[in-house]
Amino acid sequence: MAGSGDGGNEREVLEDSINHSSSFSRHRYRRSMSSGEEDKGLLAFSGWVYHVGTNSIGHEYSHQRFLYVKGKYVEMYRRDPQENPGIRPIRKGIIGPTLMVEETGSRKVGNEELYTIQFYNRLDETKKGEIACTSAEECKKWIEALDYAKQQAEYELSRGGGARNKLSLEADIDLEGHRPRVRRYASGLKKLIRIGGGPELLSRSSSSLGTGSSDGDFEGEFGDAVEAHEWKCVRTINGVRILEDVADGKGGKASLVKAVAPVDASADTVLEVILNLDRHKRYEWDMLTGDLELVDSYDGNYDVVYGTYDPKYLGRWQSKRDFVFSRQWFQGQDGAYTILQFPAAHKKRPTRNGYQRTSIKPSTWEIRSLTNEKCLVTHMLEMNTAGWGRWKKSSSCSKFEKTIPFALLSQVAGLKEYIGANPSLKCEPSSLALHSKHSEGDPPDEFYDAVAGDSSSTSEDEESDDESEKEEKPVKPKPAPAAISSTALKQASDAAENASKELDLCVPPIHVDPSQFNSVLHKGKDDADTNCWTSPGGAGFMIRGQTYLKNSAKIMGGNPLLKLIAVDWFKVDKATDKIALHPKSLAQSDAGKNLPFILVINLEIPAKPNYSLVLYYAAERPVRKDSLLEKFADGTDQFRDARFKLIPSIVEGYWMVKRAVGTKACLLGKAVTCKYFRQDNFLEIDVDIGSSSVARSVIGLVLGYATSLVVDLAILIEANDAAELPEYILGSVRLNRVRLESAVPLDG
């Protein structure tokens with residue numbers, strides 16, 4: 001990153017977002033030799049993409065093109081203009097206020113799975129087009145770059161006068177039809193952010209490593225979920241198991257692998273060792289990232305580090321390498337630690353002479369206590385590295401042992417041996433302080449509670465020489481194993497029967513028909529429908545059974561007590577409470593006022609703009625007096641905070657998002673700020689996701705992939721007494737590939 005520039009705060013925030021949001025092949029800054037006054041402070045973005053379209057005879061094509069974005073202008077070249085001075089763009093235009101840019105998920109283009117971005121003018125359907133990237137991370141980065149271009153156009157429009165007239169005369173970028181004659185706008189760059197690698201990388205899969213909290217695929221003896229992954233131990237080295245996910249592994253070349261080992265130390269100690277940057281200590285266990293230095297830190301649980309390594313330990317006759325990556329760590333309500341590691345770029349660490357900038361692939365550490373002085377450590381990554389297939393089948397040396405993924409997997413063994421050889425580490429108090437909304441006295445919540453729905457890995461092609469990696473493809477949910485079906489269904493039926501007692505059975509039920517209620521998002525017709533909601537029931541979630549207080553047994557959830565009748569998707573200027581009082585709310589409609597009871601869940605999502613996802617659940621009878629639901633609806637905020645529970649599950653989507661979201665039950669009142677509003681026939685719960693830095697970062701990741709995600713949520717009141725067991729599910733929802741731009745203004 002050459003030169004830091006002196007742009008405004010908004011530009012710096014965007015730059016930080018671009019640099020730290022997700023994983024890319026390369027990130028570089030360049031400063032041009034000339035600078036015009038009009039271009040002062042503008043960011044520019046460039047990189048290789050596929051231009052996708054249909055030719056005159058109806059055949060689909062995909063051509064490698066170099067895309068260049070500066071200010072509001074977008075240019076497309078056959079070759080890199082930085083390396084070919086004087087070359088003219090083949091297409092050019094602006095990202096005007098009426099031009100929409102939308103991430104449309106992944107699909108097959110030719111013989112390759114690509115992640116596509118669609119352009120279209122909402123006023124002129126003939127102006128449209130499509131580009132594609134080899135990874136979802138690069139796709140997200142281009143969305144941010146193009147959004148920046150649109151902001152520049154909107155800024156000029158807001159200035160009025162000559163700027164407005166000039167903008168009205170300039171054409172939007174047109175990726176279809178004849179190529180216009182264009183001028184170059186490549187002078188006077190303040191900063192150039194390079195997205196992705198060269199064209200040779202487009203023919204291979206980009207890196208796609210996941211992160212996040214533990215999912216239902218972890219060790220079976222710890223989880224409450226039906227495992228979505230099928231882990232097979234392929235090697236055991238020095239007490240460390242190397243496992244590969246072999247579920248649905250025939251569809252691609254990438255492999256999801258993990259190194260797992262018990263370590264004789266507390267989870268706090270292991271976390272301290274992994275995060276410690278002291279070179280002398282890291283040299284004793286880390287063969288790859290031993291030389292690290294802190295570049296920047298944020299919020300006490302996020303930092304950016306710079307490191308170097310000598311590749312002679314992995315191969316011969318190679319130049320020295322350096323890298324930059326970010327680390328985010330947090331502790332779940334179950335006490336487990338998660339560390340998310342992503343490649344990054346930072347203006348304080350530009351490329352160095354004599355060093356080749358490389359990318360440490362994204363990975364995740366998970367540290368879970370077994371006893372006070374023993375924990376289970378897992379290091380997970382996805383890879384498509386030459387030699388993996390032969391190495392896992394043979395004890396003979398292979399070129400896989402000279403790769404970065406092998407060095408990353410070996411970190412678990414080094415950590416285990418280092419801690420075992422230094423007993424004093426177990427006695428040293430941890431110096432790390434993780435930020436938490438509540439005190440240490442809060443009891444931990446249970447472990448996995450969602451039945452995960454798919455697998456994320458593919459098997460390795462042994463003959464492949466590619467060292468790039470490939471993201472997972474969304475797959476259909478797998479059915480629960482037959483061995484649990486009969487018993488689980490009986491238990492779920494008992495839970496549903498117990499739930500029905502929460503309502504006043506002396507009052508005749510009313511018929512609740514969702515078609516009577518209007519909402520922003522429509523009810524989905526089938527699994528293929530998008531930007532919609534459905535009711536998934538409760539079978540995908542594990543809840544506390546009748547004997548939970550004795551043996552911690554969980555059961556499959558039954559049918560929800562309340563019926564989901566509508567989902568609103570609003571965009572707002574700031575977090576908005578008491579949304580049920582707004583005229584647009586279902587609770588203020590005549591049909592809504594006639595319902596016995598409505599539970600309104602308002603998920604306040606921080607973004608630009610902010611969003612409110614509002615879920616409406618209705619009861620067919622009034623709430624029974626002295627029931628758990630009545631105590632919750634009319635109780636104190638302290639009681640509500642201690643009992644209001646949500647279980648998330650990413651049914652389909654990029655596995656990195658799954659790891660970040662996890663499937664753990666979360667007491668929302670202990671994780672984020674919740675406000676409760678009881679009036680008339682409804683209870684509204686306003687959930688401020690922005691009140692937690694960890695929740696903000698996770699929801700930011702989710703929003704970046706929203707159009708490719710299928711998300712299930714279950715809402716419960718936690719049962720803590722024998723009389724309250726078994727638990728029941730209050731309500732559930734499935735959100736199917738929601739489009740951010742479909743949100744409507746609340747006050748529009």
# chains A, B, ... in the order shown; residues from 1 in each chain; ligands from 1
>>> residues_around(residues="Leu586 (chain A)", least_positions_apart="3", cutoff="12 Å", atoms="only C-alpha atoms", output="ChimeraX atom specification")
/A:514,516-520,565-568,579-583,589-595,598-600,614-618,682
>>> write_last_selection(atoms="N, CA and C atoms", output="CSV table (one decimal), in the first residue's frame")
chain,number,residue,atom,x,y,z
A,514,PRO,N,-52.4,-16.7,7.4
A,514,PRO,CA,-51.4,-15.7,7.0
A,514,PRO,C,-51.8,-14.9,5.8
A,516,GLN,N,-54.4,-13.5,5.2
A,516,GLN,CA,-55.2,-12.3,5.5
A,516,GLN,C,-54.3,-11.1,5.8
A,517,PHE,N,-53.0,-11.3,6.0
A,517,PHE,CA,-52.1,-10.2,6.4
A,517,PHE,C,-51.1,-9.9,5.3
A,518,ASN,N,-50.9,-8.6,5.1
A,518,ASN,CA,-49.9,-8.1,4.2
A,518,ASN,C,-48.6,-7.8,4.9
A,519,SER,N,-47.5,-8.1,4.2
A,519,SER,CA,-46.2,-7.8,4.7
A,519,SER,C,-45.2,-7.5,3.5
A,520,VAL,N,-44.1,-7.0,3.9
A,520,VAL,CA,-43.1,-6.6,2.8
A,520,VAL,C,-42.6,-7.8,2.1
A,565,ILE,N,-47.2,-15.2,10.8
A,565,ILE,CA,-48.2,-14.7,9.9
A,565,ILE,C,-47.7,-13.7,8.9
A,566,ALA,N,-46.5,-13.1,9.3
A,566,ALA,CA,-46.0,-12.0,8.4
A,566,ALA,C,-44.6,-11.7,8.7
A,567,VAL,N,-43.8,-11.2,7.7
A,567,VAL,CA,-42.4,-10.7,8.0
A,567,VAL,C,-42.3,-9.4,7.2
A,568,ASP,N,-41.9,-8.4,8.0
A,568,ASP,CA,-41.6,-7.1,7.3
A,568,ASP,C,-40.1,-6.8,7.2
A,579,ILE,N,-41.9,-0.6,17.0
A,579,ILE,CA,-42.3,-0.5,15.6
A,579,ILE,C,-43.7,-1.0,15.4
A,580,ALA,N,-44.2,-1.7,16.4
A,580,ALA,CA,-45.6,-2.2,16.3
A,580,ALA,C,-46.6,-1.1,16.4
A,581,LEU,N,-46.2,0.1,16.9
A,581,LEU,CA,-47.1,1.2,16.9
A,581,LEU,C,-47.1,2.0,15.6
A,582,HIS,N,-46.2,1.7,14.7
A,582,HIS,CA,-46.2,2.4,13.4
A,582,HIS,C,-47.4,2.0,12.6
A,583,PRO,N,-48.0,2.9,11.8
A,583,PRO,CA,-49.2,2.6,11.0
A,583,PRO,C,-48.9,1.5,10.0
A,589,SER,N,-53.2,-3.0,12.1
A,589,SER,CA,-54.3,-3.3,11.2
A,589,SER,C,-55.5,-3.9,11.9
A,590,ASP,N,-56.7,-3.8,11.3
A,590,ASP,CA,-57.9,-4.3,11.9
A,590,ASP,C,-57.8,-5.8,12.1
A,591,ALA,N,-57.2,-6.5,11.2
A,591,ALA,CA,-57.1,-8.0,11.4
A,591,ALA,C,-56.1,-8.3,12.5
A,592,GLY,N,-55.1,-7.5,12.7
A,592,GLY,CA,-54.1,-7.7,13.8
A,592,GLY,C,-54.7,-7.4,15.1
A,593,LYS,N,-55.5,-6.4,15.2
A,593,LYS,CA,-56.2,-6.0,16.5
A,593,LYS,C,-57.2,-7.1,17.0
A,594,ASN,N,-57.6,-7.9,16.1
A,594,ASN,CA,-58.6,-9.0,16.4
A,594,ASN,C,-58.0,-10.3,16.9
A,595,LEU,N,-56.6,-10.3,16.8
A,595,LEU,CA,-55.9,-11.6,17.2
A,595,LEU,C,-55.8,-11.6,18.8
A,598,ILE,N,-50.2,-11.3,19.9
A,598,ILE,CA,-49.2,-11.2,18.9
A,598,ILE,C,-47.8,-11.0,19.5
A,599,LEU,N,-46.8,-11.8,19.1
A,599,LEU,CA,-45.5,-11.6,19.5
A,599,LEU,C,-44.7,-11.0,18.4
A,600,VAL,N,-44.2,-9.8,18.6
A,600,VAL,CA,-43.5,-9.0,17.5
A,600,VAL,C,-42.0,-9.0,17.9
A,614,VAL,N,-38.8,-7.6,10.9
A,614,VAL,CA,-39.9,-7.7,11.9
A,614,VAL,C,-40.7,-9.0,11.7
A,615,LEU,N,-40.7,-9.8,12.7
A,615,LEU,CA,-41.4,-11.1,12.6
A,615,LEU,C,-42.7,-11.0,13.5
A,616,TYR,N,-43.8,-11.4,12.9
A,616,TYR,CA,-45.1,-11.4,13.6
A,616,TYR,C,-45.6,-12.8,13.9
A,617,TYR,N,-45.8,-13.2,15.1
A,617,TYR,CA,-46.3,-14.5,15.5
A,617,TYR,C,-47.6,-14.3,16.2
A,618,ALA,N,-48.6,-15.1,15.9
A,618,ALA,CA,-50.0,-15.0,16.4
A,618,ALA,C,-50.4,-16.2,17.1
A,682,PHE,N,-50.3,-7.2,22.2
A,682,PHE,CA,-49.0,-7.7,21.6
A,682,PHE,C,-47.9,-7.4,22.6
